[in-house]
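Peer 1: File follows, start_32.pdb with PDB, C-alpha atoms and all ligand atoms:
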```
ATOM      1  CA  MET A   1      23.173 -22.235  -0.548
ATOM      2  CA  SER A   2      25.412 -19.247  -0.254
ATOM      3  CA  ARG A   3      23.941 -15.953   0.859
ATOM      4  CA  THR A   4      26.076 -12.890   0.135
ATOM      5  CA  PRO A   5      26.697 -11.095   3.449
ATOM      6  CA  PHE A   6      24.796  -7.814   3.679
ATOM      7  CA  LEU A   7      26.322  -5.182   5.972
ATOM      8  CA  ALA A   8      24.039  -2.197   6.266
ATOM      9  CA  GLY A   9      24.253   1.016   8.249
ATOM     10  CA  ASN A  10      21.121   2.708   9.537
ATOM     11  CA  TRP A  11      21.899   6.371  10.054
ATOM     12  CA  LYS A  12      18.536   7.172  11.647
ATOM     13  CA  MET A  13      18.097  10.978  11.931
ATOM     14  CA  TYR A  14      21.782  11.798  11.558
ATOM     15  CA  LYS A  15      23.714  13.519   8.748
ATOM     16  CA  THR A  16      22.893  16.106   6.113
ATOM     17  CA  GLY A  17      23.555  15.507   2.435
ATOM     18  CA  ALA A  18      26.969  17.174   2.693
ATOM     19  CA  GLU A  19      27.875  15.048   5.721
ATOM     20  CA  ALA A  20      26.772  11.925   3.861
ATOM     21  CA  VAL A  21      29.043  12.830   0.949
ATOM     22  CA  SER A  22      32.028  13.333   3.310
ATOM     23  CA  PHE A  23      31.326   9.951   4.897
ATOM     24  CA  ILE A  24      31.175   8.187   1.537
ATOM     25  CA  GLU A  25      34.301   9.866   0.227
ATOM     26  CA  ALA A  26      36.138   8.751   3.376
ATOM     27  CA  ALA A  27      34.721   5.216   3.263
ATOM     28  CA  LYS A  28      35.498   4.561  -0.409
ATOM     29  CA  PRO A  29      39.265   4.024  -0.083
ATOM     30  CA  LEU A  30      38.721   1.954   3.075
ATOM     31  CA  LEU A  31      36.401  -0.365   1.151
ATOM     32  CA  ALA A  32      38.360  -0.493  -2.105
ATOM     33  CA  GLY A  33      38.973  -4.037  -3.259
ATOM     34  CA  VAL A  34      36.616  -5.602  -0.729
ATOM     35  CA  SER A  35      34.483  -8.218  -2.424
ATOM     36  CA  GLY A  36      32.085 -11.012  -1.616
ATOM     37  CA  ARG A  37      29.704  -8.871   0.406
ATOM     38  CA  GLN A  38      27.179  -6.081  -0.020
ATOM     39  CA  ALA A  39      27.802  -2.821   1.841
ATOM     40  CA  ALA A  40      24.847  -0.468   2.238
ATOM     41  CA  VAL A  41      23.726   2.628   4.142
ATOM     42  CA  ALA A  42      20.160   3.732   4.880
ATOM     43  CA  VAL A  43      20.356   7.516   5.058
ATOM     44  CA  PRO A  44      17.800  10.247   5.838
ATOM     45  CA  PHE A  45      15.472  11.027   2.902
ATOM     46  CA  THR A  46      17.126  14.407   2.409
ATOM     47  CA  ALA A  47      20.570  12.836   1.913
ATOM     48  CA  ILE A  48      19.606  10.063  -0.533
ATOM     49  CA  ALA A  49      20.262  11.899  -3.795
ATOM     50  CA  GLU A  50      23.658  13.304  -2.788
ATOM     51  CA  ALA A  51      24.711  10.047  -1.117
ATOM     52  CA  ALA A  52      23.697   7.972  -4.140
ATOM     53  CA  LYS A  53      25.686  10.233  -6.458
ATOM     54  CA  ALA A  54      28.754  10.083  -4.236
ATOM     55  CA  ALA A  55      28.466   6.297  -3.915
ATOM     56  CA  GLN A  56      28.306   5.651  -7.659
ATOM     57  CA  GLY A  57      30.859   3.030  -8.657
ATOM     58  CA  SER A  58      31.783   2.289  -5.030
ATOM     59  CA  GLY A  59      29.553  -0.761  -4.678
ATOM     60  CA  VAL A  60      27.891   0.797  -1.597
ATOM     61  CA  LEU A  61      24.098   0.760  -1.875
ATOM     62  CA  ILE A  62      22.120   3.740  -0.643
ATOM     63  CA  GLY A  63      18.739   3.136   0.926
ATOM     64  CA  ALA A  64      15.923   4.748   2.885
ATOM     65  CA  GLN A  65      14.596   4.091   6.379
ATOM     66  CA  ASN A  66      10.869   4.138   5.602
ATOM     67  CA  VAL A  67       8.425   4.516   2.723
ATOM     68  CA  TYR A  68       4.696   4.963   2.146
ATOM     69  CA  TRP A  69       2.761   2.410   0.107
ATOM     70  CA  GLU A  70       0.760   4.718  -2.173
ATOM     71  CA  LYS A  71       2.333   5.829  -5.455
ATOM     72  CA  GLU A  72       1.331   9.479  -5.064
ATOM     73  CA  GLY A  73      -1.507  11.582  -3.691
ATOM     74  CA  ALA A  74      -2.640  13.769  -0.833
ATOM     75  CA  TYR A  75      -0.441  12.205   1.859
ATOM     76  CA  THR A  76       1.338  15.148   3.424
ATOM     77  CA  GLY A  77       4.819  14.314   4.609
ATOM     78  CA  GLU A  78       5.003  10.912   2.962
ATOM     79  CA  ILE A  79       7.379   9.593   0.300
ATOM     80  CA  SER A  80       6.687   6.877  -2.288
ATOM     81  CA  VAL A  81       8.757   3.998  -3.606
ATOM     82  CA  GLY A  82       9.026   5.723  -6.983
ATOM     83  CA  MET A  83      10.365   8.888  -5.341
ATOM     84  CA  LEU A  84      12.974   6.909  -3.429
ATOM     85  CA  LYS A  85      14.054   5.074  -6.557
ATOM     86  CA  ALA A  86      14.276   8.317  -8.535
ATOM     87  CA  ALA A  87      16.469   9.812  -5.818
ATOM     88  CA  GLY A  88      18.853   6.847  -6.032
ATOM     89  CA  ALA A  89      17.741   4.510  -3.252
ATOM     90  CA  SER A  90      17.891   0.802  -3.942
ATOM     91  CA  PHE A  91      16.686  -0.611  -0.627
ATOM     92  CA  VAL A  92      14.432   0.399   2.242
ATOM     93  CA  ILE A  93      14.228  -0.530   5.929
ATOM     94  CA  LEU A  94      10.664  -1.460   6.931
ATOM     95  CA  GLY A  95       9.221  -1.802  10.425
ATOM     96  CA  HIS A  96      12.280  -0.720  12.378
ATOM     97  CA  SER A  97      11.442  -0.882  16.089
ATOM     98  CA  GLU A  98      11.771   2.904  16.370
ATOM     99  CA  ARG A  99       9.073   3.283  13.701
ATOM    100  CA  ARG A 100       6.902   0.738  15.483
ATOM    101  CA  GLN A 101       7.480   2.367  18.889
ATOM    102  CA  PHE A 102       7.368   6.107  18.088
ATOM    103  CA  PHE A 103       5.381   6.358  14.856
ATOM    104  CA  GLY A 104       2.814   3.606  15.156
ATOM    105  CA  ASP A 105       3.986   1.329  12.353
ATOM    106  CA  THR A 106       2.103  -1.956  12.632
ATOM    107  CA  ASP A 107       2.676  -5.337  11.036
ATOM    108  CA  GLU A 108      -0.176  -4.553   8.662
ATOM    109  CA  TRP A 109       1.479  -1.318   7.541
ATOM    110  CA  VAL A 110       4.802  -3.090   7.134
ATOM    111  CA  ALA A 111       3.087  -5.683   4.929
ATOM    112  CA  ARG A 112       1.603  -2.940   2.728
ATOM    113  CA  LYS A 113       4.927  -1.142   2.501
ATOM    114  CA  LEU A 114       6.581  -4.451   1.635
ATOM    115  CA  GLN A 115       4.188  -5.032  -1.288
ATOM    116  CA  ALA A 116       4.832  -1.517  -2.569
ATOM    117  CA  ALA A 117       8.609  -1.887  -2.256
ATOM    118  CA  LEU A 118       8.609  -5.201  -4.130
ATOM    119  CA  GLU A 119       6.342  -3.859  -6.856
ATOM    120  CA  GLY A 120       8.743  -0.954  -7.338
ATOM    121  CA  SER A 121      11.887  -3.123  -7.231
ATOM    122  CA  LEU A 122      13.173  -1.625  -3.991
ATOM    123  CA  VAL A 123      14.904  -4.251  -1.840
ATOM    124  CA  PRO A 124      12.982  -4.533   1.452
ATOM    125  CA  VAL A 125      14.731  -5.052   4.797
ATOM    126  CA  VAL A 126      11.929  -6.111   7.137
ATOM    127  CA  CYS A 127      12.742  -5.696  10.839
ATOM    128  CA  VAL A 128      11.382  -7.775  13.709
ATOM    129  CA  GLY A 129      12.422  -7.833  17.360
ATOM    130  CA  GLU A 130      11.225  -8.519  20.867
ATOM    131  CA  SER A 131      11.353  -6.161  23.843
ATOM    132  CA  LEU A 132      13.196  -6.985  27.058
ATOM    133  CA  ALA A 133       9.901  -7.597  28.881
ATOM    134  CA  GLN A 134       8.830 -10.031  26.166
ATOM    135  CA  ARG A 135      12.155 -11.882  26.323
ATOM    136  CA  GLU A 136      11.983 -12.106  30.108
ATOM    137  CA  ALA A 137       8.420 -13.417  29.875
ATOM    138  CA  ASN A 138       9.619 -16.169  27.490
ATOM    139  CA  GLU A 139       7.548 -14.701  24.685
ATOM    140  CA  THR A 140      10.423 -14.145  22.256
ATOM    141  CA  PHE A 141       9.501 -16.814  19.717
ATOM    142  CA  ALA A 142       5.760 -16.148  19.869
ATOM    143  CA  VAL A 143       6.305 -12.410  19.380
ATOM    144  CA  LEU A 144       8.778 -12.844  16.532
ATOM    145  CA  GLY A 145       6.680 -15.490  14.803
ATOM    146  CA  ALA A 146       3.632 -13.222  14.875
ATOM    147  CA  GLN A 147       5.596 -10.152  13.738
ATOM    148  CA  LEU A 148       7.166 -12.022  10.843
ATOM    149  CA  LYS A 149       3.875 -13.555   9.735
ATOM    150  CA  GLY A 150       2.054 -10.220   9.983
ATOM    151  CA  SER A 151       4.797  -8.228   8.296
ATOM    152  CA  LEU A 152       5.054 -10.686   5.392
ATOM    153  CA  ALA A 153       1.282 -11.085   4.982
ATOM    154  CA  GLY A 154       0.372 -11.421   1.319
ATOM    155  CA  LEU A 155       3.929 -12.189   0.239
ATOM    156  CA  THR A 156       4.311 -15.209  -2.035
ATOM    157  CA  ALA A 157       7.449 -17.249  -2.678
ATOM    158  CA  ASP A 158       7.750 -16.053  -6.288
ATOM    159  CA  LYS A 159       7.980 -12.436  -5.098
ATOM    160  CA  ALA A 160      10.375 -13.077  -2.211
ATOM    161  CA  ALA A 161      13.647 -13.233  -4.146
ATOM    162  CA  THR A 162      15.015  -9.941  -2.831
ATOM    163  CA  LEU A 163      13.537 -10.124   0.674
ATOM    164  CA  VAL A 164      15.933  -9.375   3.547
ATOM    165  CA  VAL A 165      14.850  -9.864   7.169
ATOM    166  CA  ALA A 166      16.556  -8.192  10.139
ATOM    167  CA  TYR A 167      16.345  -9.524  13.678
ATOM    168  CA  GLU A 168      16.788  -6.570  16.009
ATOM    169  CA  PRO A 169      16.077  -7.315  19.663
ATOM    170  CA  VAL A 170      14.739  -4.009  20.975
ATOM    171  CA  TRP A 171      16.770  -4.375  24.195
ATOM    172  CA  ALA A 172      19.993  -4.440  22.163
ATOM    173  CA  ILE A 173      19.391  -1.367  19.972
ATOM    174  CA  GLY A 174      21.530   1.580  20.986
ATOM    175  CA  THR A 175      22.038   0.113  24.449
ATOM    176  CA  GLY A 176      25.487  -1.408  24.041
ATOM    177  CA  LYS A 177      23.934  -4.781  24.968
ATOM    178  CA  THR A 178      24.468  -7.214  22.129
ATOM    179  CA  ALA A 179      22.732 -10.548  21.959
ATOM    180  CA  THR A 180      25.431 -13.185  22.232
ATOM    181  CA  ALA A 181      26.218 -14.897  18.960
ATOM    182  CA  ALA A 182      24.520 -18.022  20.307
ATOM    183  CA  GLN A 183      21.376 -16.105  21.364
ATOM    184  CA  ALA A 184      21.172 -14.455  17.957
ATOM    185  CA  GLN A 185      21.786 -17.730  16.108
ATOM    186  CA  GLU A 186      18.979 -19.418  18.042
ATOM    187  CA  VAL A 187      16.537 -16.724  16.897
ATOM    188  CA  HIS A 188      17.857 -16.639  13.321
ATOM    189  CA  ALA A 189      17.405 -20.413  13.021
ATOM    190  CA  PHE A 190      13.860 -19.996  14.335
ATOM    191  CA  LEU A 191      13.134 -17.205  11.829
ATOM    192  CA  ARG A 192      14.483 -19.296   8.967
ATOM    193  CA  GLY A 193      12.164 -22.093  10.022
ATOM    194  CA  GLU A 194       9.240 -19.660  10.043
ATOM    195  CA  LEU A 195      10.257 -18.431   6.561
ATOM    196  CA  ARG A 196      10.176 -22.068   5.458
ATOM    197  CA  ASN A 197       6.636 -22.438   6.817
ATOM    198  CA  LEU A 198       5.485 -19.207   5.200
ATOM    199  CA  LEU A 199       7.336 -19.231   1.875
ATOM    200  CA  GLY A 200       8.870 -22.673   1.370
ATOM    201  CA  ASP A 201      12.353 -24.174   1.291
ATOM    202  CA  LYS A 202      13.893 -22.066  -1.469
ATOM    203  CA  ALA A 203      12.955 -18.702   0.008
ATOM    204  CA  ALA A 204      14.031 -19.869   3.461
ATOM    205  CA  ALA A 205      17.411 -20.951   2.128
ATOM    206  CA  GLU A 206      17.977 -17.785   0.107
ATOM    207  CA  THR A 207      16.634 -15.028   2.363
ATOM    208  CA  ARG A 208      19.328 -13.148   4.205
ATOM    209  CA  ILE A 209      18.642 -12.637   7.880
ATOM    210  CA  LEU A 210      20.623  -9.754   9.393
ATOM    211  CA  TYR A 211      21.308  -9.210  13.068
ATOM    212  CA  GLY A 212      21.027  -5.721  14.515
ATOM    213  CA  GLY A 213      21.624  -4.391  18.009
ATOM    214  CA  SER A 214      24.883  -2.800  19.125
ATOM    215  CA  VAL A 215      26.957  -4.430  16.391
ATOM    216  CA  LYS A 216      30.519  -3.089  16.548
ATOM    217  CA  PRO A 217      33.826  -3.869  14.833
ATOM    218  CA  ASP A 218      34.801  -6.079  17.780
ATOM    219  CA  ASN A 219      31.703  -8.297  17.871
ATOM    220  CA  VAL A 220      30.724  -8.535  14.205
ATOM    221  CA  LYS A 221      33.084 -11.412  13.397
ATOM    222  CA  SER A 222      31.691 -13.756  16.020
ATOM    223  CA  LEU A 223      28.102 -12.923  15.022
ATOM    224  CA  MET A 224      28.914 -13.493  11.341
ATOM    225  CA  SER A 225      30.470 -16.866  12.075
ATOM    226  CA  GLU A 226      27.024 -18.257  12.975
ATOM    227  CA  PRO A 227      25.412 -20.257  10.154
ATOM    228  CA  ASP A 228      22.110 -18.347  10.032
ATOM    229  CA  ILE A 229      23.474 -14.806  10.510
ATOM    230  CA  ASP A 230      23.919 -13.349   7.041
ATOM    231  CA  GLY A 231      24.757  -9.762   7.807
ATOM    232  CA  ALA A 232      24.232  -6.865  10.148
ATOM    233  CA  LEU A 233      22.067  -3.776  10.473
ATOM    234  CA  VAL A 234      24.173  -1.243  12.312
ATOM    235  CA  GLY A 235      23.190   2.046  13.929
ATOM    236  CA  GLY A 236      25.769   3.894  16.026
ATOM    237  CA  ALA A 237      28.856   2.117  14.697
ATOM    238  CA  ALA A 238      27.890   2.929  11.097
ATOM    239  CA  LEU A 239      28.150   6.690  11.595
ATOM    240  CA  LYS A 240      31.959   6.779  11.299
ATOM    241  CA  PRO A 241      33.618   5.650   8.061
ATOM    242  CA  ASP A 242      36.373   3.658   9.782
ATOM    243  CA  SER A 243      34.135   1.612  12.075
ATOM    244  CA  PHE A 244      31.632   1.077   9.244
ATOM    245  CA  ALA A 245      34.450  -0.149   6.987
ATOM    246  CA  GLN A 246      35.755  -2.458   9.724
ATOM    247  CA  ILE A 247      32.285  -3.960  10.047
ATOM    248  CA  VAL A 248      31.977  -4.437   6.288
ATOM    249  CA  LYS A 249      35.429  -6.088   6.349
ATOM    250  CA  PHE A 250      34.458  -8.326   9.278
ATOM    251  CA  ASP A 251      36.557 -11.232   8.026
ATOM    252  CA  VAL A 252      39.365  -9.423   6.208
TER     253      VAL A 252
HETATM  254  C1  LIG A 301      19.614   0.060  14.499
HETATM  255  O1  LIG A 301      19.351   1.234  14.505
HETATM  256  O2  LIG A 301      19.043  -0.663  13.672
HETATM  257  C2  LIG A 301      20.611  -0.463  15.436
HETATM  258  C3  LIG A 301      20.805  -1.746  15.477
HETATM  259  O3  LIG A 301      21.276   0.460  16.224
HETATM  260  P1  LIG A 301      22.635   0.201  17.107
HETATM  261  O4  LIG A 301      23.594  -0.549  16.201
HETATM  262  O5  LIG A 301      23.116   1.559  17.465
HETATM  263  O6  LIG A 301      22.231  -0.636  18.276
END
```
Please lay out the structure from this file as structure tokens.
Peer 2:
Amino acid sequence: MSRTPFLAGNWKMYKTGAEAVSFIEAAKPLLAGVSGRQAAVAVPFTAIAEAAKAAQGSGVLIGAQNVYWEKEGAYTGEISVGMLKAAGASFVILGHSERRQFFGDTDEWVARKLQAALEGSLVPVVCVGESLAQREANETFAVLGAQLKGSLAGLTADKAATLVVAYEPVWAIGTGKTATAAQAQEVHAFLRGELRNLLGDKAAAETRILYGGSVKPDNVKSLMSEPDIDGALVGGAALKPDSFAQIVKFDV
């Protein structure tokens, strides 16, 4: 089963619309002719429309970093799947550890957001990851198993075709500490096994599992050479067009 590599930037709370357009204009020639992979950037809500317009025809997908599950209503400050789609987003990050840590996102919320994203044909990138304390207490697999099960609650195999999962150890995000390729592979193999238990063989074989946590141009190749690592979710190194392009071209 071949899974098209998915290399996604997560810009967090960086870049205006104009800055996003400059980035995309600079990245386009660097990515010209690159095939056999999906490049993507999750930008701030306010930059989605401009970024999506600039990215037209480039093959780079534009996405969001969060969404609310209701279609519309009195939910001050929230944004729906339909609004994201109308602005030009085609994927959304769900349950990033910064959302879980600073904004109270729970597995239950992630599961509701996931249902809404799938219903609205927005590709979901569901994040899971253990903290350093949990890893040191040998709780990594228990924590990740529970997060995955909770975040995918209610999902059925027939709806899982576009699901993307991201393993992002919290201790490796923005710290410069990357999981070794072997450490990441061990967890990815575990997560694929859990996907098999939850959704069956086909979904387990087809779901892309990304690694995130201090991915850089110089470590992406070794991570991507592992059999269960199907892409990367990249923060800091995705803010500059040249390092983003090097990551997308990890094997070129
Ligand atoms: C992230 O924000 O998802 C991330 C992995 O950040 P960084 O690459 O900067 O560690």
Peer 1: Would you compute the box with edges along x, y and z of the file around ligand LIG 301 (chain A), including every atom the file lists for it and 8 Å extra on each side, and give its centre and edge lengths in Å to one decimal, as lines of an AutoDock Vina configuration file?
Peer 2:
```
center_x = 21.3
center_y = -0.1
center_z = 16.0
size_x = 20.6
size_y = 19.3
size_z = 20.6
```
Peer 1: Counting only C-alpha atoms, which residue out of A:Gln56, A:Asp201, A:Ala161, A:Pro44 sits closest to A:Glu19?
Peer 2: A:Pro44
Peer 1: Can you find the residues with an atom no farther than 12 Å from (13.2, -6.9, 23.5), counting only C-alpha atoms, and report them as a PDB file with C-alpha atoms, keeping the file's coordinate frame?
Peer 2:
```pdb
ATOM      1  CA  SER A  97      11.442  -0.882  16.089  1.00  0.00           C
ATOM      2  CA  GLN A 101       7.480   2.367  18.889  1.00  0.00           C
ATOM      3  CA  VAL A 128      11.382  -7.775  13.709  1.00  0.00           C
ATOM      4  CA  GLY A 129      12.422  -7.833  17.360  1.00  0.00           C
ATOM      5  CA  GLU A 130      11.225  -8.519  20.867  1.00  0.00           C
ATOM      6  CA  SER A 131      11.353  -6.161  23.843  1.00  0.00           C
ATOM      7  CA  LEU A 132      13.196  -6.985  27.058  1.00  0.00           C
ATOM      8  CA  ALA A 133       9.901  -7.597  28.881  1.00  0.00           C
ATOM      9  CA  GLN A 134       8.830 -10.031  26.166  1.00  0.00           C
ATOM     10  CA  ARG A 135      12.155 -11.882  26.323  1.00  0.00           C
ATOM     11  CA  GLU A 136      11.983 -12.106  30.108  1.00  0.00           C
ATOM     12  CA  ALA A 137       8.420 -13.417  29.875  1.00  0.00           C
ATOM     13  CA  ASN A 138       9.619 -16.169  27.490  1.00  0.00           C
ATOM     14  CA  GLU A 139       7.548 -14.701  24.685  1.00  0.00           C
ATOM     15  CA  THR A 140      10.423 -14.145  22.256  1.00  0.00           C
ATOM     16  CA  PHE A 141       9.501 -16.814  19.717  1.00  0.00           C
ATOM     17  CA  VAL A 143       6.305 -12.410  19.380  1.00  0.00           C
ATOM     18  CA  LEU A 144       8.778 -12.844  16.532  1.00  0.00           C
ATOM     19  CA  TYR A 167      16.345  -9.524  13.678  1.00  0.00           C
ATOM     20  CA  GLU A 168      16.788  -6.570  16.009  1.00  0.00           C
ATOM     21  CA  PRO A 169      16.077  -7.315  19.663  1.00  0.00           C
ATOM     22  CA  VAL A 170      14.739  -4.009  20.975  1.00  0.00           C
ATOM     23  CA  TRP A 171      16.770  -4.375  24.195  1.00  0.00           C
ATOM     24  CA  ALA A 172      19.993  -4.440  22.163  1.00  0.00           C
ATOM     25  CA  ILE A 173      19.391  -1.367  19.972  1.00  0.00           C
ATOM     26  CA  THR A 175      22.038   0.113  24.449  1.00  0.00           C
ATOM     27  CA  LYS A 177      23.934  -4.781  24.968  1.00  0.00           C
ATOM     28  CA  THR A 178      24.468  -7.214  22.129  1.00  0.00           C
ATOM     29  CA  ALA A 179      22.732 -10.548  21.959  1.00  0.00           C
ATOM     30  CA  GLY A 212      21.027  -5.721  14.515  1.00  0.00           C
ATOM     31  CA  GLY A 213      21.624  -4.391  18.009  1.00  0.00           C
TER      32      GLY A 213
END
```
Peer 1: Tell me, in Å to one decimal, how far atom CA of A:Lys149 is from atom CA of A:Phe103.
Peer 2: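 So the answer is 20.6 Å.
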Peer 1: Determine the nearest neighbour of A:Leu163 from the options A:Asp230, A:Glu194, A:Glu186, A:Glu206, counting all atoms listed in the file.
Peer 2: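 Closest to A:Leu163, using all atoms listed in the file: A:Glu206.
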Peer 1: For the structure provided, state which residues fall under the PyMOL selection byres (((chain A and resi 51) around 7) and not hetatm), and present them as a list in words.
Peer 2: Gly17, Ala20, Val21, Ala47, Ile48, Ala49, Glu50, Ala52, Lys53, Ala54, Ala55 and Ile62 of chain A
Peer 1: For this file, the PyMOL selection byres (((chain A and resi 85) around 10) and not hetatm) selects which residues, as a PDB file with C-alpha atoms, in the frame of the given file?
Peer 2:
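Result file follows (out_17.pdb):
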```pdb
ATOM      1  CA  ILE A  48      19.606  10.063  -0.533  1.00  0.00           C
ATOM      2  CA  ALA A  49      20.262  11.899  -3.795  1.00  0.00           C
ATOM      3  CA  GLY A  63      18.739   3.136   0.926  1.00  0.00           C
ATOM      4  CA  ALA A  64      15.923   4.748   2.885  1.00  0.00           C
ATOM      5  CA  SER A  80       6.687   6.877  -2.288  1.00  0.00           C
ATOM      6  CA  VAL A  81       8.757   3.998  -3.606  1.00  0.00           C
ATOM      7  CA  GLY A  82       9.026   5.723  -6.983  1.00  0.00           C
ATOM      8  CA  MET A  83      10.365   8.888  -5.341  1.00  0.00           C
ATOM      9  CA  LEU A  84      12.974   6.909  -3.429  1.00  0.00           C
ATOM     10  CA  ALA A  86      14.276   8.317  -8.535  1.00  0.00           C
ATOM     11  CA  ALA A  87      16.469   9.812  -5.818  1.00  0.00           C
ATOM     12  CA  GLY A  88      18.853   6.847  -6.032  1.00  0.00           C
ATOM     13  CA  ALA A  89      17.741   4.510  -3.252  1.00  0.00           C
ATOM     14  CA  SER A  90      17.891   0.802  -3.942  1.00  0.00           C
ATOM     15  CA  PHE A  91      16.686  -0.611  -0.627  1.00  0.00           C
ATOM     16  CA  VAL A  92      14.432   0.399   2.242  1.00  0.00           C
ATOM     17  CA  ALA A 117       8.609  -1.887  -2.256  1.00  0.00           C
ATOM     18  CA  GLY A 120       8.743  -0.954  -7.338  1.00  0.00           C
ATOM     19  CA  SER A 121      11.887  -3.123  -7.231  1.00  0.00           C
ATOM     20  CA  LEU A 122      13.173  -1.625  -3.991  1.00  0.00           C
TER      21      LEU A 122
END
```
Peer 1: Name the closest residue to ligand LIG 301 (chain A) among the candidates A:Ala39, A:Leu233, A:Leu114, A:Leu31; distances are taken between atoms, counting only C-alpha atoms and all ligand atoms.
Peer 2: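 Among the listed residues, the smallest separation from ligand LIG 301 (chain A) belongs to A:Leu233.
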Peer 1: With all atoms listed in the file as the basis for distance, which of A:Ala204, A:Val252, A:Ala116, A:Ala238 is at the shortest distance from ligand LIG 301 (chain A)?
Peer 2: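 Closest residue, counting all atoms listed in the file: A:Ala238.
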Peer 1: Run the PyMOL selection byres (((chain A and resi 237) around 12) and not hetatm) against the file shown and list the residues it catches, as a PyMOL selection string.
Peer 2: chain A and resi 7-12+41+173-174+176+212-220+232-236+238-248
Peer 1: Taking into account all atoms listed in the file, which residue in the set A:Glu108, A:Glu78, A:Glu98, A:Glu72 is nearest to ligand LIG 301 (chain A)?
Peer 2: A:Glu98
Peer 1: What is the distance, in Å and to one decimal place, between atom CA of A:Ser2 and atom CA of A:Leu198?
Peer 2: 20.7 Å
